[in-house]
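Below is the file query.txt, which contains compact mmCIF, C-alpha atoms.
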# COMPACT_ATOMS: atom_id res chain seq x y z
CA MET B 1 95.17 75.17 97.52
CA SER B 2 93.85 78.64 98.26
CA ASP B 3 94.75 81.72 96.23
CA GLN B 4 94.88 83.73 99.44
CA PRO B 5 98.38 84.47 100.75
CA GLN B 6 99.19 83.13 104.19
CA ARG B 7 99.09 85.78 106.91
CA ARG B 8 102.35 86.33 108.70
CA GLY B 9 101.50 89.30 110.90
CA ALA B 10 98.80 91.57 112.19
CA THR B 11 96.18 93.32 110.10
CA VAL B 12 96.03 97.09 109.90
CA ASP B 13 92.91 97.03 112.07
CA GLU B 14 94.81 95.06 114.72
CA LEU B 15 97.70 97.54 114.58
CA LEU B 16 95.24 100.42 115.02
CA ASP B 17 93.53 98.69 117.95
CA THR B 18 96.90 98.14 119.64
CA ALA B 19 98.02 101.73 119.01
CA ARG B 20 94.76 103.16 120.31
CA SER B 21 94.99 101.07 123.47
CA GLU B 22 98.30 102.83 124.25
CA ILE B 23 97.23 106.44 123.68
CA ASP B 24 94.47 108.91 124.43
CA ARG B 25 92.11 110.08 121.71
CA VAL B 26 90.58 113.54 121.75
CA THR B 27 87.55 114.83 119.87
CA PRO B 28 87.76 118.01 117.82
CA SER B 29 85.90 119.99 120.49
CA GLU B 30 88.20 118.62 123.22
CA LEU B 31 91.27 119.60 121.21
CA ALA B 32 89.87 123.09 120.62
CA GLU B 33 89.36 123.46 124.39
CA LEU B 34 92.88 122.19 125.10
CA MET B 35 94.34 124.64 122.60
CA GLU B 36 92.40 127.54 124.08
CA ALA B 37 93.48 126.62 127.61
CA SER B 38 97.15 126.05 126.73
CA ASP B 39 97.75 129.78 126.39
CA ASP B 40 100.70 129.24 123.99
CA ASP B 41 102.93 128.24 126.90
CA GLY B 42 104.39 125.26 125.00
CA SER B 43 102.69 122.68 127.21
CA LEU B 44 100.55 121.51 124.26
CA LEU B 45 101.88 120.76 120.80
CA VAL B 46 99.57 119.79 117.95
CA ILE B 47 101.56 117.91 115.32
CA ASP B 48 100.13 117.53 111.81
CA VAL B 49 101.77 114.42 110.31
CA ARG B 50 100.39 114.93 106.80
CA GLU B 51 102.42 115.75 103.71
CA HIS B 52 102.13 119.22 102.18
CA PRO B 53 99.71 118.30 99.35
CA ASP B 54 97.14 117.02 101.88
CA ARG B 55 97.62 120.08 104.05
CA GLU B 56 97.23 122.34 101.03
CA ARG B 57 94.09 120.51 99.86
CA THR B 58 92.20 120.58 103.17
CA GLY B 59 93.87 123.31 105.21
CA ILE B 60 95.48 123.05 108.64
CA ILE B 61 94.46 123.45 112.24
CA PRO B 62 95.70 126.92 113.22
CA GLY B 63 98.69 126.67 115.55
CA SER B 64 99.61 123.14 114.52
CA VAL B 65 103.18 122.24 113.59
CA ASN B 66 103.92 120.12 110.55
CA ILE B 67 106.18 117.12 111.11
CA PRO B 68 105.57 114.65 108.28
CA LEU B 69 105.08 111.05 109.27
CA ILE B 70 108.20 109.93 107.41
CA VAL B 71 110.48 111.93 109.78
CA LEU B 72 108.28 112.01 112.88
CA GLU B 73 110.42 109.92 115.23
CA TRP B 74 113.64 111.79 114.38
CA ARG B 75 111.99 115.17 114.81
CA CYS B 76 110.37 114.16 118.14
CA ASP B 77 113.45 112.46 119.64
CA LEU B 78 114.84 115.01 122.07
CA ALA B 79 118.26 113.37 121.81
CA SER B 80 118.35 113.67 118.01
CA ALA B 81 120.31 116.36 116.24
CA HIS B 82 117.24 116.64 114.00
CA SER B 83 114.64 117.27 116.73
CA HIS B 84 112.03 119.94 116.04
CA PRO B 85 112.45 123.08 118.17
CA ALA B 86 108.79 123.00 119.22
CA VAL B 87 109.29 119.56 120.78
CA ARG B 88 110.76 120.64 124.12
CA SER B 89 110.05 118.11 126.84
CA HIS B 90 108.78 114.61 127.53
CA GLN B 91 106.17 116.30 129.76
CA GLN B 92 104.67 118.20 126.83
CA ARG B 93 101.23 117.08 125.76
CA LEU B 94 101.43 116.02 122.11
CA VAL B 95 98.38 115.57 119.89
CA MET B 96 98.90 113.97 116.48
CA VAL B 97 96.67 114.97 113.56
CA CYS B 98 96.12 113.41 110.14
CA ASN B 99 93.28 113.45 107.59
CA GLU B 100 90.86 111.02 109.24
CA GLY B 101 92.46 109.85 112.51
CA CYS B 102 94.15 106.59 111.50
CA ALA B 103 97.76 107.48 110.67
CA SER B 104 97.74 109.81 113.67
CA SER B 105 96.88 106.89 115.99
CA LEU B 106 99.88 104.93 114.76
CA ALA B 107 102.05 108.07 114.95
CA ALA B 108 100.99 108.81 118.53
CA ALA B 109 101.78 105.26 119.67
CA SER B 110 105.20 105.46 118.04
CA VAL B 111 106.04 108.81 119.65
CA LYS B 112 104.85 107.56 123.04
CA ARG B 113 107.58 104.91 122.85
CA LEU B 114 110.11 107.77 122.73
CA GLY B 115 109.19 108.56 126.34
CA PHE B 116 106.46 111.17 126.07
CA ALA B 117 104.00 110.86 128.95
CA GLN B 118 100.96 112.52 127.37
CA VAL B 119 100.36 111.56 123.76
CA ALA B 120 97.02 111.60 121.98
CA ASP B 121 95.58 111.74 118.51
CA LEU B 122 92.65 113.63 117.05
CA ALA B 123 89.73 111.28 116.46
CA ASP B 124 88.42 111.74 112.90
CA GLY B 125 91.39 114.00 112.04
CA VAL B 126 91.12 117.24 110.11
CA VAL B 127 87.97 115.91 108.45
CA GLY B 128 86.29 115.69 111.86
CA TRP B 129 87.70 119.08 112.87
CA ALA B 130 86.15 120.72 109.79
CA ALA B 131 82.87 118.81 110.22
CA SER B 132 82.67 120.21 113.75
CA GLY B 133 82.76 123.73 112.32
CA LEU B 134 86.20 124.50 113.72
CA PRO B 135 88.49 126.83 111.77
CA LEU B 136 91.06 125.75 109.20
CA ALA B 137 93.80 127.91 107.74
CA PRO B 138 95.95 127.59 104.62
CA PRO B 139 99.39 126.06 105.26
CA GLU B 140 102.50 128.14 104.90
CA PRO B 141 104.06 127.79 101.45
CA LEU B 142 106.97 125.42 101.05
CA PRO B 143 110.38 127.14 101.08
Can I see the file as structure tokens?
Amino acid sequence: MSDQPQRRGATVDELLDTARSEIDRVTPSELAELMEASDDDGSLLVIDVREHPDRERTGIIPGSVNIPLIVLEWRCDLASAHSHPAVRSHQQRLVMVCNEGCASSLAAASVKRLGFAQVADLADGVVGWAASGLPLAPPEPLP
């Protein structure tokens, strides 16, 4: 008898592969171009799904909105009483961001199921953003 537990579901790598097959992925330079072109008209929303300690440790992408992963679906559901005011329309382009681009892939796939037409995640996350020489800013302090 083996000491290995029997598998009952998918591996994390399989979940990531499935999520990434359902969404777009953008590079740091592509996201920077999208942000520059969006002109603050609300058509693009960059959502940082990290918790405050991670955001404080590494900094944030300027202009991103923090919606922690634990409440993401409620804050992105337009029908929810708890929806985030920056989430305005299912036609908005949403780009999810995390530390290294894994949690954001799963987050983007989940939000896409809420009916958003254009959902992506940032490949390599904030780590890739910083490695590309793009600017980071300190997060706003917690209330």
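For the pair CA of Ala19 in chain B and CA of Leu136 in chain B, the interatomic distance is 26.9 Å.
With distances taken over all atoms listed in the file, B:Leu16 is the one residue among B:Ala81, B:Ala86, B:Leu44, B:Leu16 lying closest to Ala107 in chain B.
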### Best match for closeness to Asp48 in chain B among B:Val111, B:Val65, B:Gly9, B:His90, counting all atoms listed in the file
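Among B:Val111, B:Val65, B:Gly9, B:His90, it is B:Val65 that comes nearest to Asp48 in chain B.
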### Task
Would you be able to write out as a list in words which residues have an atom within 6 Å of (90.8, 112.8, 117.7) in the file's coordinates, counting all atoms listed in the file?
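With a cut-off of 6 Å, the residues come to Arg25, Val26, Thr27, Asp121, Leu122, Ala123, Asp124 and Gly125 of chain B.
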Same residues, C-alpha atoms, output as a CSV table (one decimal), in the frame of the given file:
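Listed below is the output, selection_27.csv:
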chain,number,residue,atom,x,y,z
B,25,ARG,CA,92.1,110.1,121.7
B,26,VAL,CA,90.6,113.5,121.8
B,27,THR,CA,87.6,114.8,119.9
B,121,ASP,CA,95.6,111.7,118.5
B,122,LEU,CA,92.6,113.6,117.0
B,123,ALA,CA,89.7,111.3,116.5
B,124,ASP,CA,88.4,111.7,112.9
B,125,GLY,CA,91.4,114.0,112.0
### Query
Need the neighbours of (106.6, 108.5, 123.1): which residues are at most 12 Å away, counting all atoms listed in the file, as number ranges by chain?
B: 19, 22-23, 72-78, 87, 89-96, 106-120
### Closest of B:Ala103, B:Ile61, B:Leu15, B:Ala10 to Ala32 in chain B - atom-to-atom distances counting all atoms listed in the file
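Smallest distance to Ala32 in chain B is found for B:Ile61.
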### Task
Tell me which of B:Val46, B:Cys98, B:Ala137, B:Leu142 sits closest to Leu34 in chain B, counting all atoms listed in the file.
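Closest to Leu34 in chain B, using all atoms listed in the file: B:Val46.
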### Message
Ranking B:Val49, B:Met35, B:Val127, B:Ala79 by minimum distance to Ser105 in chain B and counting only C-alpha atoms, which one comes first?
### Response
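Nearest to Ser105 in chain B: B:Val49.
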### Query
CA of Pro138 in chain B and CA of Arg55 in chain B, how far apart in Å?
7.7 Å
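CA of Glu140 in chain B lies 25.1 Å from CA of Glu30 in chain B.
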### Query
Which is closer to Val97 in chain B than all the others in B:Pro62, B:Ser132, B:Ile47, B:His84, using all atoms listed in the file?
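Smallest separation from Val97 in chain B among the options: B:Ile47.
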